[in-house]
Amino acid sequence: MDIDNWKSFLDRWNAQWVMAQGLAEPEETDEEALEAGGLGFPPADERRTAALEERLGTRLPPSYRAFLQASDGWRHAGGSASLLGVSAEVGWYGDPMGMKAVYEAQLDERSQRSEILLAGMWERALQLALESDLTDVLLDPGDVDEDGEWAVHVYKGWSGEHPDRYASFAAFMRAMHREFCGGYGQEPRFEDEMTRELDASVERARLACLAGRDVDTQLAVLAEAQSFNRPRARMMHDQMAALVGPADALSVPVDMTDPLYVREAMPLLAVEHTRGHLALDDGWFVRRHGEEGRREAEAALAAARARTFRYEPPGRFGQAVAEAREQARWGDTDTAWRTIAAAVPDWEPYGPEHLAPFGLRADPVLGPLVTPERGRHILATPRAGHGRGGASAVPPGPTGPLGLAWTEGAGQDRSSYRFVAVQGVTPQVLVERLGGGELLAPLSEGELFRPGYGRPDRQDAPGGGERGSLYRVGSCPDEGGDLSGGGAAWSFAYESDPEPYHVGRVDGPDAAVSPGTRAVSVWCERRHSPCEVFPDVFHFSYAEDGRQRFRAVARGSVAESTGTPPEGLDPDLFGTALFGGVPLAGAEETGPGLVPEAQIRALDAIAAVFGLALPYFALRHGRLHAVRGSSWNSPPAPGEARVVWATSRIRSSAPGGTQPTPRGDRRRPER
């Protein structure tokens, strides 16, 4: 980051400093610097610059050399350095505090080049800070870029932190100028040609953003104005950033009378609070809103945790959001996104500072739909009456793979799962047929395993103490990625990491949910590690009108099937072909594991015969209603043991012999 004209840059900084002195309290002004004409000094001519280089025994980096020839030193360069860079006084730092040894002690064979350079910097650096508050400004001749610039390290001895690094002296001075101007950014009387241009650029970016013009350009313009702490810039930049990235630093002012804050920013801040490191300190969030906002702040946190917040913007866009939520909560996330995208041109802001519907990110059902790419699409769509051209209203294509094979877990940690799908009924009816109770608030896949939402043992379940089921339910997409219509529609109940499969006692729910229609169920159980004592299992069954017509179970080298397979479905796909002939390492006693390619073939066949698919995005990245159900395992017969403890042992490396050590106890129904 070079400075093309050092005199112009320093003259502006100096004039701004003089202006700021007129705004300061008398005891805070620097009368001596004012009498001397400001921050600068007379320039160093070529002779004086050459003399410094001869004294140091090296040629100076280009930007520091050019600085000296515009001003031989600088006052108040940053918050702690009150005198900087005078050619007659700068010298080698010499590491007086022994910092090199401290930093070298932290190095090892994995240390990066930047860490090695920093450790050696202390002995070879040039000290520029001549008067400061325990702050060193160090030019490092060992950290040089392709232009010959030396890196600058600013070490604040009172902070206990690593030094801040700047690529060059020019980059350091630009940053210090921004820091100075930022201290007066909210002061209306701090005004000159530069601040007026920055404020004008903010307004141009606001209009361009509403018109859907280049998103990155507007973000860059607002970021530049934000770096000088110009009014409005940070708030607008954060709104855009919330749609294309993390939303944990919204700077919308707290105002409980402003719908921009109450309906857009506050719910999103509440969601981020519940996810962040302050999640256990609700008092911090509540105190931000004062006593007058306490009730609303507590309600926002409660809604974020219970996932009951509903984003409800005004007008036609709000109507589309409500429609999209109903679509997304049953798994039709692609249609829901298209509903939102098509309505973006009708979006209405709450005021001139409002740029986009970033509050969508707080909605527990719709928020996961707004990926960074989709957030960028919203920003690239003209809205709020600023034209209807630009980005396409409906971006093409579904999100994620179709069919059933993706459940096999390619590209992810393969784990156990099961699902039941029934044709011609709604998800609500499927829940009733499964005997489930009230629908839980929408859950993501990860939230299923968080405290308070996980799978505690169900003491009221058949057989007592069985864990039961925690399904997420929804509607199945058709081959094009949309939800099927009319009587052909399928609904599903899907469970990740279900209770352990109990061979010979599985009463799949497909028969119970199929009166008047047909249903299929799949249960895949995978061994999580070679030390587990039970083999992999793949279970498929099919039912019509309340009766199971076909069932196939493959378990290692053993496979069995009963009934007549559906037309077009090869039963051999569900036999021992699902397993290779080679056991996993250390699993000789339990037999081979499921072969991913064979499992994919079986799932593809089910999808083709029944026209069945599960919504990838909704299950992997979205939130769906959950419901608790009964165990698929029947209770043990009289006289049978109900559970066993499966353990494995490893050899201890402790001296004195090999002591067996238990590892990974896991309760499993006896098989």
# chains A, B, ... in the order shown; residues from 1 in each chain; ligands from 1
$ residues_around --residues "region 47-61 of chain A" --least-positions-apart "4" --cutoff "8 Å" --atoms "only C-alpha atoms" --output "list of chain:residue names"
A:Arg65, A:Leu68, A:Gln69, A:Ser87, A:Ala88, A:Gly91, A:Trp92, A:Gly148, A:Glu149, A:Trp150
$ write_last_selection --atoms "N, CA and C atoms" --output "mmCIF file, in the first residue's frame"
data_model
loop_
_atom_site.group_PDB
_atom_site.id
_atom_site.type_symbol
_atom_site.label_atom_id
_atom_site.label_comp_id
_atom_site.auth_asym_id
_atom_site.auth_seq_id
_atom_site.Cartn_x
_atom_site.Cartn_y
_atom_site.Cartn_z
ATOM 1 N N ARG A 65 11.816 6.206 3.209
ATOM 2 C CA ARG A 65 12.737 7.172 2.609
ATOM 3 C C ARG A 65 11.965 8.352 2.009
ATOM 4 N N LEU A 68 10.611 10.678 4.781
ATOM 5 C CA LEU A 68 11.599 11.603 5.333
ATOM 6 C C LEU A 68 11.812 12.808 4.428
ATOM 7 N N GLN A 69 11.725 12.598 3.116
ATOM 8 C CA GLN A 69 11.960 13.699 2.193
ATOM 9 C C GLN A 69 10.739 14.607 2.049
ATOM 10 N N SER A 87 15.144 11.451 11.511
ATOM 11 C CA SER A 87 16.312 10.755 10.951
ATOM 12 C C SER A 87 17.524 10.811 11.863
ATOM 13 N N ALA A 88 17.697 11.894 12.585
ATOM 14 C CA ALA A 88 18.882 12.026 13.428
ATOM 15 C C ALA A 88 18.800 11.162 14.679
ATOM 16 N N GLY A 91 17.374 4.477 15.420
ATOM 17 C CA GLY A 91 18.511 3.567 15.502
ATOM 18 C C GLY A 91 18.041 2.137 15.663
ATOM 19 N N TRP A 92 19.007 1.223 15.658
ATOM 20 C CA TRP A 92 18.669 -0.192 15.775
ATOM 21 C C TRP A 92 18.112 -0.478 17.164
ATOM 22 N N GLY A 148 10.838 -4.065 -2.038
ATOM 23 C CA GLY A 148 11.881 -3.594 -1.135
ATOM 24 C C GLY A 148 11.354 -2.983 0.142
ATOM 25 N N GLU A 149 10.042 -3.085 0.386
ATOM 26 C CA GLU A 149 9.464 -2.514 1.597
ATOM 27 C C GLU A 149 9.696 -3.435 2.791
ATOM 28 N N TRP A 150 10.055 -2.838 3.934
ATOM 29 C CA TRP A 150 10.226 -3.572 5.169
ATOM 30 C C TRP A 150 8.904 -3.583 5.931
#
$ closest_residue --among "A:Cys524, A:Ala598, A:Ala119, A:Met19" --to "Leu107 (chain A)" --atoms "only C-alpha atoms"
A:Ala119
$ atom_distance --atom1 "CA of Ala341 (chain A)" --atom2 "CA of Arg310 (chain A)"
18.0 Å
$ residues_around --residues "Val154 (chain A)" --least-positions-apart "4" --cutoff "10 Å" --atoms "only C-alpha atoms" --output "ChimeraX atom specification"
/A:81,128-129,135-139,162-166,172
$ residues_around --residues "Asp238 (chain A)" --least-positions-apart "3" --cutoff "8 Å" --atoms "only C-alpha atoms" --output "list in words"
Arg234, Met235, Ala241, Ala242, Ala247, Ala249, Leu250 and Ser251 of chain A
$ select_by_dssp --residues "region 7-111 of chain A" --states "strand (DSSP E)" --output "PyMOL selection string"
chain A and resi 74-75+81-84+91-92
$ write_last_selection --atoms "N, CA and C atoms" --output "short mmCIF file (atom, residue, chain, number, x, y, z; two decimals), in the first residue's frame"
data_model
loop_
_atom_site.label_atom_id
_atom_site.label_comp_id
_atom_site.auth_asym_id
_atom_site.auth_seq_id
_atom_site.Cartn_x
_atom_site.Cartn_y
_atom_site.Cartn_z
N TRP A 74 7.49 12.81 12.62
CA TRP A 74 6.04 13.05 12.74
C TRP A 74 5.62 12.94 14.21
N ARG A 75 4.74 13.85 14.58
CA ARG A 75 4.20 13.82 15.93
C ARG A 75 2.84 13.10 15.96
N ALA A 81 2.36 6.68 20.01
CA ALA A 81 3.66 7.22 19.58
C ALA A 81 3.53 8.72 19.38
N SER A 82 4.15 9.49 20.26
CA SER A 82 4.04 10.95 20.16
C SER A 82 5.15 11.57 19.33
N LEU A 83 6.20 10.81 19.04
CA LEU A 83 7.25 11.30 18.15
C LEU A 83 7.81 10.10 17.40
N LEU A 84 7.90 10.25 16.07
CA LEU A 84 8.21 9.09 15.23
C LEU A 84 9.19 9.46 14.13
N GLY A 91 17.37 4.48 15.42
CA GLY A 91 18.51 3.57 15.50
C GLY A 91 18.04 2.14 15.66
N TRP A 92 19.01 1.22 15.66
CA TRP A 92 18.67 -0.19 15.78
C TRP A 92 18.11 -0.48 17.16
#
$ select_by_dssp --residues "region 198-423 of chain A" --states "alpha helix (DSSP H)" --output "number ranges by chain"
A: 198-210, 215-227, 233-244, 259, 266-275, 282-287, 294-306, 315-328, 333-343, 372-379
$ residues_around --residues "Arg376 (chain A)" --least-positions-apart "3" --cutoff "10 Å" --atoms "only C-alpha atoms" --output "PyMOL selection string"
chain A and resi 212+214-216+240-241+243-245+370-373+379-381
$ write_last_selection --atoms "N, CA and C atoms" --output "PDB file, in the first residue's frame"
ATOM      1  N   GLY A 212     -29.400  -2.899  -6.854  1.00  0.00           N
ATOM      2  CA  GLY A 212     -28.867  -4.212  -7.190  1.00  0.00           C
ATOM      3  C   GLY A 212     -27.563  -4.177  -7.953  1.00  0.00           C
ATOM      4  N   ASP A 214     -23.350  -3.916  -8.532  1.00  0.00           N
ATOM      5  CA  ASP A 214     -22.279  -4.809  -8.107  1.00  0.00           C
ATOM      6  C   ASP A 214     -22.099  -4.832  -6.597  1.00  0.00           C
ATOM      7  N   VAL A 215     -22.343  -5.981  -6.003  1.00  0.00           N
ATOM      8  CA  VAL A 215     -22.348  -6.120  -4.551  1.00  0.00           C
ATOM      9  C   VAL A 215     -20.969  -5.865  -3.972  1.00  0.00           C
ATOM     10  N   ASP A 216     -19.936  -6.449  -4.567  1.00  0.00           N
ATOM     11  CA  ASP A 216     -18.590  -6.307  -4.021  1.00  0.00           C
ATOM     12  C   ASP A 216     -18.119  -4.860  -4.054  1.00  0.00           C
ATOM     13  N   MET A 240     -25.385  -5.550   4.658  1.00  0.00           N
ATOM     14  CA  MET A 240     -25.000  -6.327   3.487  1.00  0.00           C
ATOM     15  C   MET A 240     -24.176  -7.544   3.888  1.00  0.00           C
ATOM     16  N   ALA A 241     -23.233  -7.347   4.816  1.00  0.00           N
ATOM     17  CA  ALA A 241     -22.366  -8.443   5.235  1.00  0.00           C
ATOM     18  C   ALA A 241     -23.156  -9.556   5.904  1.00  0.00           C
ATOM     19  N   LEU A 243     -25.892 -10.766   5.031  1.00  0.00           N
ATOM     20  CA  LEU A 243     -26.496 -11.634   4.022  1.00  0.00           C
ATOM     21  C   LEU A 243     -25.472 -12.455   3.260  1.00  0.00           C
ATOM     22  N   VAL A 244     -24.217 -12.073   3.311  1.00  0.00           N
ATOM     23  CA  VAL A 244     -23.195 -12.810   2.552  1.00  0.00           C
ATOM     24  C   VAL A 244     -22.146 -13.450   3.446  1.00  0.00           C
ATOM     25  N   GLY A 245     -22.339 -13.378   4.761  1.00  0.00           N
ATOM     26  CA  GLY A 245     -21.367 -13.963   5.671  1.00  0.00           C
ATOM     27  C   GLY A 245     -21.886 -13.971   7.086  1.00  0.00           C
ATOM     28  N   VAL A 370     -30.821 -19.015   3.438  1.00  0.00           N
ATOM     29  CA  VAL A 370     -30.099 -17.849   2.936  1.00  0.00           C
ATOM     30  C   VAL A 370     -28.601 -18.125   3.034  1.00  0.00           C
ATOM     31  N   THR A 371     -28.114 -18.923   2.113  1.00  0.00           N
ATOM     32  CA  THR A 371     -26.680 -19.176   1.999  1.00  0.00           C
ATOM     33  C   THR A 371     -25.991 -17.896   1.529  1.00  0.00           C
ATOM     34  N   PRO A 372     -24.664 -17.802   1.662  1.00  0.00           N
ATOM     35  CA  PRO A 372     -23.989 -16.600   1.156  1.00  0.00           C
ATOM     36  C   PRO A 372     -24.289 -16.314  -0.315  1.00  0.00           C
ATOM     37  N   GLU A 373     -24.396 -17.364  -1.141  1.00  0.00           N
ATOM     38  CA  GLU A 373     -24.704 -17.144  -2.555  1.00  0.00           C
ATOM     39  C   GLU A 373     -26.111 -16.570  -2.724  1.00  0.00           C
ATOM     40  N   LEU A 379     -29.084  -9.172  -2.650  1.00  0.00           N
ATOM     41  CA  LEU A 379     -28.470  -7.857  -2.790  1.00  0.00           C
ATOM     42  C   LEU A 379     -28.319  -7.446  -4.249  1.00  0.00           C
ATOM     43  N   ALA A 380     -28.204  -8.415  -5.149  1.00  0.00           N
ATOM     44  CA  ALA A 380     -28.048  -8.106  -6.573  1.00  0.00           C
ATOM     45  C   ALA A 380     -29.388  -7.899  -7.265  1.00  0.00           C
ATOM     46  N   THR A 381     -30.494  -8.012  -6.540  1.00  0.00           N
ATOM     47  CA  THR A 381     -31.830  -7.807  -7.105  1.00  0.00           C
ATOM     48  C   THR A 381     -32.318  -6.405  -6.775  1.00  0.00           C
TER      49      THR A 381
END
$ residues_around --residues "Val262 (chain A)" --least-positions-apart "2" --cutoff "12 Å" --atoms "only C-alpha atoms" --output "list in words"
Val252, Pro253, Val254, Asp255, Met256, Thr257, Asp258, Pro259, Leu260, Glu264, Ala265, Met266, Pro267, Leu268, Leu269, Ala270, His289, Gly293, Glu296, Ala297, Ala299, Ala300, Tyr311, Glu312, Pro313, Tyr350 and Gly359 of chain A
$ closest_residue --among "A:Asp497, A:Gly318, A:Arg361, A:Val286" --to "Ile340 (chain A)" --atoms "only C-alpha atoms"
A:Gly318
$ residues_around --residues "Pro43 (chain A)" --least-positions-apart "6" --cutoff "6 Å" --atoms "only C-alpha atoms" --output "list in words"
Gln69, Ala70, Ser71 and Asp72 of chain A
$ closest_atom_pairs --of "region 327-369 of chain A" --to "region 422-432 of chain A" --cutoff "12 Å" --atoms "only C-alpha atoms" --output "JSON lines"
{"residue": "A:Arg329", "atom": "CA", "partner": "A:Pro427", "partner_atom": "CA", "distance": 10.4}
{"residue": "A:Trp330", "atom": "CA", "partner": "A:Pro427", "partner_atom": "CA", "distance": 7.4}
{"residue": "A:Gly331", "atom": "CA", "partner": "A:Pro427", "partner_atom": "CA", "distance": 10.1}
$ write_last_selection --atoms "C-alpha atoms" --output "CSV table (one decimal), in the first residue's frame"
chain,number,residue,atom,x,y,z
A,329,ARG,CA,-41.0,-26.3,7.3
A,330,TRP,CA,-42.0,-29.5,5.5
A,331,GLY,CA,-38.8,-29.8,3.5
$ atom_distance --atom1 "CA of Gln112 (chain A)" --atom2 "CA of Ala175 (chain A)"
25.5 Å
$ atom_distance --atom1 "CA of Ala24 (chain A)" --atom2 "CA of Arg178 (chain A)"
18.4 Å
$ closest_residue --among "A:His237, A:Pro188, A:Phe41, A:Ala33" --to "Asp11 (chain A)" --atoms "only C-alpha atoms"
A:Phe41
$ closest_residue --among "A:Trp523, A:Gly622, A:Thr217, A:Phe540" --to "Ala605 (chain A)" --atoms "only C-alpha atoms"
A:Phe540
$ closest_residue --among "A:Glu224, A:Asp281, A:Asp536, A:Asp334" --to "Pro592 (chain A)" --atoms "only C-alpha atoms"
A:Asp536
